[in-house]
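Text of input-v7.txt, listed as compact mmCIF, C-alpha atoms:
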```txt
# COMPACT_ATOMS: atom_id res chain seq x y z
CA MET A 844 72.25 10.43 106.28
CA ARG A 845 75.35 9.16 108.07
CA VAL A 846 76.50 5.61 107.36
CA ASP A 847 77.21 3.22 110.23
CA VAL A 848 80.77 1.94 109.85
CA GLN A 849 80.01 -1.71 110.64
CA ASP A 850 76.95 -1.80 108.36
CA ALA A 851 79.02 -0.24 105.58
CA ALA A 852 81.71 -2.91 106.07
CA SER A 853 79.17 -5.70 105.75
CA LEU A 854 77.54 -4.18 102.66
CA TYR A 855 80.88 -3.60 100.99
CA ALA A 856 81.96 -7.16 101.78
CA ASP A 857 78.76 -8.47 100.20
CA PHE A 858 79.44 -6.29 97.15
CA LEU A 859 82.95 -7.70 96.70
CA LEU A 860 81.87 -11.28 97.27
CA GLY A 861 79.02 -10.83 94.78
CA LYS A 862 81.50 -9.72 92.13
CA LYS A 863 83.22 -13.14 92.28
CA ALA A 864 82.21 -15.84 89.83
CA GLY A 865 78.96 -17.40 91.04
CA GLY A 866 78.93 -15.09 94.05
CA ARG A 867 81.68 -17.10 95.69
CA GLY A 868 84.71 -15.44 97.15
CA ARG A 869 87.41 -16.06 99.69
CA MET A 870 86.21 -15.89 103.31
CA GLY A 871 89.34 -13.91 104.05
CA GLU A 872 87.88 -10.94 102.18
CA ARG A 873 84.93 -10.61 104.56
CA ARG A 874 87.23 -10.93 107.56
CA ALA A 875 89.65 -8.40 106.09
CA LEU A 876 86.88 -5.86 105.59
CA GLY A 877 85.66 -6.37 109.15
CA ILE A 878 89.16 -5.47 110.31
CA ILE A 879 89.35 -2.57 107.87
CA PHE A 880 86.28 -0.79 109.19
CA GLY A 881 86.13 -2.14 112.74
CA GLU A 882 89.74 -1.56 113.74
CA ARG A 883 90.31 1.43 111.46
CA ASN A 884 93.17 -0.31 109.64
CA LEU A 885 92.63 0.57 105.97
CA GLY A 886 96.23 0.48 104.76
CA ALA A 887 96.59 -0.01 100.98
CA LEU A 888 92.80 -0.26 100.62
CA MET A 889 91.31 0.34 97.15
CA LEU A 890 88.08 2.35 97.15
CA ASP A 891 88.35 3.87 93.68
CA SER A 892 85.08 5.34 92.36
CA LYS A 893 83.14 4.35 95.51
CA LYS A 894 80.44 6.54 97.05
CA ILE A 895 81.35 6.59 100.73
CA GLY A 896 80.55 10.15 101.76
CA ALA A 897 79.64 10.90 105.41
CA MET A 898 81.38 7.75 106.70
CA ASN A 899 83.63 8.12 109.75
CA ALA A 900 87.30 7.28 109.13
CA GLY A 901 88.64 9.39 111.99
CA GLY A 902 92.03 8.08 113.10
CA ALA A 903 92.00 5.37 110.42
CA ASN A 904 95.17 4.01 108.84
CA LEU A 905 94.80 4.76 105.13
CA TYR A 906 98.51 4.70 104.34
CA ARG A 907 98.98 4.26 100.57
CA ALA A 908 95.23 3.70 100.10
CA SER A 909 93.77 4.30 96.63
CA ILE A 910 90.57 6.38 96.79
CA LYS A 911 90.51 7.88 93.29
CA ASN A 912 87.37 9.45 91.78
CA ALA A 913 85.43 8.67 94.96
CA TYR A 914 82.53 10.50 96.60
CA LEU A 915 83.88 11.54 100.02
CA ARG A 916 81.75 14.62 100.60
CA GLY A 917 81.35 15.36 104.32
CA MET A 918 83.49 12.37 105.34
CA ASN A 919 85.52 12.51 108.56
CA PHE A 920 89.25 11.83 108.12
CA GLY A 921 90.26 13.70 111.27
CA GLY A 922 93.63 12.43 112.54
CA ALA A 923 93.74 9.72 109.84
CA ASN A 924 96.98 8.49 108.29
CA LEU A 925 96.72 9.19 104.54
CA GLY A 926 100.43 9.31 103.85
CA TYR A 927 101.17 8.52 100.17
CA ALA A 928 97.43 7.92 99.57
CA ASN A 929 95.99 8.53 96.09
CA ILE A 930 92.83 10.68 96.34
CA THR A 931 92.96 12.20 92.86
CA GLY A 932 89.73 13.31 91.22
CA SER A 933 87.61 12.80 94.34
CA ASP A 934 84.79 14.93 95.78
CA CYS A 935 85.92 15.87 99.31
CA GLU A 936 83.73 18.94 99.68
CA CYS A 937 83.20 19.92 103.35
CA ALA A 938 85.17 16.84 104.51
CA ASN A 939 87.21 16.94 107.71
CA PHE A 940 90.97 16.35 107.41
CA GLY A 941 91.88 18.16 110.63
CA GLY A 942 95.17 16.82 112.01
CA ALA A 943 95.40 14.17 109.27
CA ASN A 944 98.67 12.99 107.75
CA LEU A 945 98.59 13.72 104.01
CA GLY A 946 102.33 13.78 103.49
CA TYR A 947 103.30 12.92 99.91
CA ALA A 948 99.64 12.15 99.12
CA ARG A 949 98.15 12.74 95.66
CA LEU A 950 95.12 15.02 95.85
CA ALA A 951 95.29 16.51 92.35
CA HIS A 952 92.06 17.44 90.52
CA SER A 953 89.97 16.83 93.66
CA SER A 954 87.44 19.19 95.26
CA PHE A 955 88.07 20.28 98.85
CA ARG A 956 85.66 23.21 98.83
CA GLY A 957 84.90 24.25 102.40
CA ALA A 958 86.98 21.36 103.79
CA ASN A 959 88.68 21.51 107.17
CA MET A 960 92.45 21.03 106.67
CA SER A 961 93.51 22.64 109.97
CA GLY A 962 96.68 21.18 111.46
CA ALA A 963 97.00 18.69 108.59
CA TYR A 964 100.48 17.47 107.61
CA MET A 965 100.66 17.95 103.84
CA ALA A 966 104.39 18.15 103.14
CA TYR A 967 105.28 17.52 99.47
CA SER A 968 101.71 16.52 98.60
CA ASP A 969 100.47 16.92 95.02
CA LEU A 970 97.56 19.37 95.27
CA SER A 971 97.76 20.60 91.69
CA HIS A 972 94.48 21.60 90.00
CA ALA A 973 92.60 20.88 93.26
CA ASP A 974 89.79 23.20 94.40
CA PHE A 975 90.34 24.52 97.93
CA SER A 976 87.84 27.38 97.73
CA ASP A 977 86.92 28.51 101.27
CA ALA A 978 88.94 25.68 102.80
CA TYR A 979 90.38 26.15 106.31
CA PHE A 980 94.14 25.52 106.60
CA TRP A 981 94.88 27.07 110.00
CA GLY A 982 98.23 25.70 111.22
CA ALA A 983 98.59 23.23 108.32
CA TYR A 984 102.13 22.10 107.41
CA MET A 985 102.47 22.29 103.61
CA LYS A 986 106.21 22.54 103.06
CA GLY A 987 107.09 21.76 99.45
CA ALA A 988 103.47 21.06 98.48
CA ILE A 989 102.62 21.26 94.77
CA LEU A 990 99.74 23.71 94.37
CA ARG A 991 100.14 24.47 90.69
CA ASN A 992 96.89 25.80 89.19
CA ALA A 993 95.06 25.06 92.45
CA ILE A 994 92.06 27.19 93.40
CA MET A 995 92.72 28.83 96.78
CA GLU A 996 90.10 31.58 96.54
CA GLY A 997 88.65 32.50 99.92
CA SER A 998 90.81 29.92 101.71
CA TYR A 999 92.17 30.64 105.21
CA LEU A 1000 95.87 29.84 105.73
CA PHE A 1001 96.68 31.88 108.84
CA GLY A 1002 99.61 30.24 110.60
CA ALA A 1003 100.10 27.67 107.85
CA ASP A 1004 103.62 26.66 106.80
CA ILE A 1005 103.87 26.70 102.99
CA LYS A 1006 107.64 27.21 102.69
CA GLY A 1007 108.96 25.95 99.38
CA ALA A 1008 105.47 25.30 97.98
CA ASP A 1009 104.91 25.55 94.23
CA LEU A 1010 102.09 28.09 93.75
CA ARG A 1011 102.54 28.68 90.04
CA GLY A 1012 99.18 29.44 88.48
CA ALA A 1013 97.30 29.12 91.78
CA ARG A 1014 94.22 31.35 92.08
CA MET A 1015 94.44 33.22 95.38
CA LEU A 1016 91.77 35.92 95.14
CA GLY A 1017 90.39 36.56 98.62
CA ALA A 1018 92.77 34.06 100.26
CA GLU A 1019 93.93 34.95 103.80
CA MET A 1020 97.61 34.10 104.28
CA ARG A 1021 98.60 36.59 106.97
CA GLY A 1022 100.90 34.94 109.46
CA ALA A 1023 101.74 32.09 107.08
CA SER A 1024 105.37 31.02 106.52
CA VAL A 1025 105.91 31.73 102.84
CA SER A 1026 109.64 31.83 102.13
CA ARG A 1027 110.98 30.14 98.99
CA VAL A 1028 107.52 29.66 97.43
CA LYS A 1029 107.48 29.49 93.63
CA LEU A 1030 105.28 31.96 91.75
CA TYR A 1031 104.70 33.25 88.26
CA ARG A 1032 105.52 36.96 88.07
CA LYS A 1033 101.96 37.77 87.01
CA ASP A 1034 100.63 36.31 90.30
CA LEU A 1035 103.02 38.19 92.58
CA ARG A 1036 100.69 41.09 93.42
CA ALA A 1037 97.78 38.79 94.33
CA PHE A 1038 100.10 36.73 96.53
CA LEU A 1039 101.54 39.78 98.32
CA GLU A 1040 98.00 41.00 98.97
CA ALA A 1041 97.05 37.60 100.39
CA VAL A 1042 99.97 37.58 102.84
CA GLY A 1043 99.30 41.20 103.82
CA THR A 1044 102.59 42.61 102.52
CA ILE A 1045 100.66 45.10 100.38
CA GLU A 1046 97.04 46.24 100.40
CA ASN A 1047 94.60 45.90 97.55
CA GLY A 1048 94.94 48.87 95.22
CA ASP A 1049 98.41 49.96 96.40
CA ASN A 1050 100.22 51.82 93.65
CA LEU A 1051 103.53 49.97 93.38
CA THR A 1052 106.12 49.79 90.62
CA SER A 1053 107.42 46.53 89.25
CA ALA A 1054 110.72 47.29 90.94
CA SER A 1055 109.15 47.70 94.39
CA LEU A 1056 107.12 44.51 93.95
CA LEU A 1057 110.29 42.62 93.12
CA ASP A 1058 111.93 44.21 96.15
CA LYS A 1059 109.23 42.77 98.39
CA ALA A 1060 109.59 39.39 96.67
CA ARG A 1061 113.29 39.39 97.51
CA THR A 1062 112.53 40.30 101.11
CA LEU A 1063 110.22 37.29 101.39
CA SER A 1064 112.66 35.08 99.43
CA ILE A 1065 110.05 34.33 96.77
CA ILE A 1066 111.17 32.47 93.66
CA LEU A 1067 109.69 34.08 90.54
CA LEU A 1068 109.51 32.04 87.35
```
Please, can you express the file's structure as structure tokens?
Amino acid sequence: MRVDVQDAASLYADFLLGKKAGGRGRMGERRALGIIFGERNLGALMLDSKKIGAMNAGGANLYRASIKNAYLRGMNFGGANLGYANITGSDCECANFGGANLGYARLAHSSFRGANMSGAYMAYSDLSHADFSDAYFWGAYMKGAILRNAIMEGSYLFGADIKGADLRGARMLGAEMRGASVSRVKLYRKDLRAFLEAVGTIENGDNLTSASLLDKARTLSIILL
């Protein structure tokens, strides 16, 4: 069931006011929350551990918002400004982040299974240990993103820009990275073959020597650690 934005604002305001001693709180809080949800200005908002899945935050300003350990499954963040936001440990399965600004955001240990990340700006974001299984990254800009130990299995990154990204320990089985910009990415040597298969440089089962694999890594300017 989808949640009406204005109803959700009113309920959340009542929740906050009820938490005050004797149920009394500042009137400014109710007004602030009306602005937050009504005018889509959620900058520096704290929604840690809240269950707000399926709510519409398309185009919202969530700059530096804290949404840790929250239930955001199916939520719409299309075109939202989430720059420097903290979304660690949250459930964002099947959520829409198409065209959103996630630059320098913290998304570590969150689930983005089946999420739409197409066209998202994710430069230098912390995506470590996040689950992006079957996520759609077409045209996403991920320069310098930290994807250490992230799960990328079955994800689609055609046309994505991941130059300089840290992919050490990332699981890429079945990922589609053909057409992605991949120069200067950081990899563990043991993950090189899986990565080259994902970008289409070699085919699954190709009989290649360690020397020829390293040759291809040099051609793509891959940093092996």
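Atom CA of Gly932 of chain A lies 25.4 Å from atom CA of Glu1019 of chain A.
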Long-range neighbours of Gly1002 of chain A as a list of chain:residue names, 9 Å cut-off, only C-alpha atoms, 4 positions minimum in chain: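 What passes the distance filter is A:Phe980, A:Trp981, A:Gly982, A:Ala983, A:Met1020, A:Arg1021, A:Gly1022, A:Ala1023, A:Ser1024.
For the pair atom CA of Ala1003 of chain A and atom CA of Ser961 of chain A, the separation is 8.6 Å.
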Which of these residues is nearest to Lys1006 of chain A, using only C-alpha atoms: A:Ser1026, A:Asn904, A:Ser976, A:Asn899? A:Ser1026
Surrounding residues of Asp974 of chain A excluding itself and chain neighbours under 5 positions, 12 Å, only C-alpha atoms, as an MDAnalysis selection string: chainID A and resid 931:937 950:958 990:998 1013:1015
Go ahead and compute the interatomic distance for atom CA of Met960 of chain A and atom CA of Gly921 of chain A, in Å to one decimal. 8.9 Å
Box dimensions and centre (Å, one decimal) enclosing segment 1012-1030 of chain A, axis-aligned, 3 Å extra per side, as lines of an AutoDock Vina configuration file:
```
center_x = 100.7
center_y = 32.9
center_z = 99.0
size_x = 26.6
size_y = 13.5
size_z = 27.0
```
Mind checking which residues fall within 10 Å of Ala1008 of chain A, counting all atoms listed in the file, ignoring those fewer than 6 positions away in the same chain, and posting them as a PyMOL selection string? chain A and resi 966-968+985-991+1025-1030
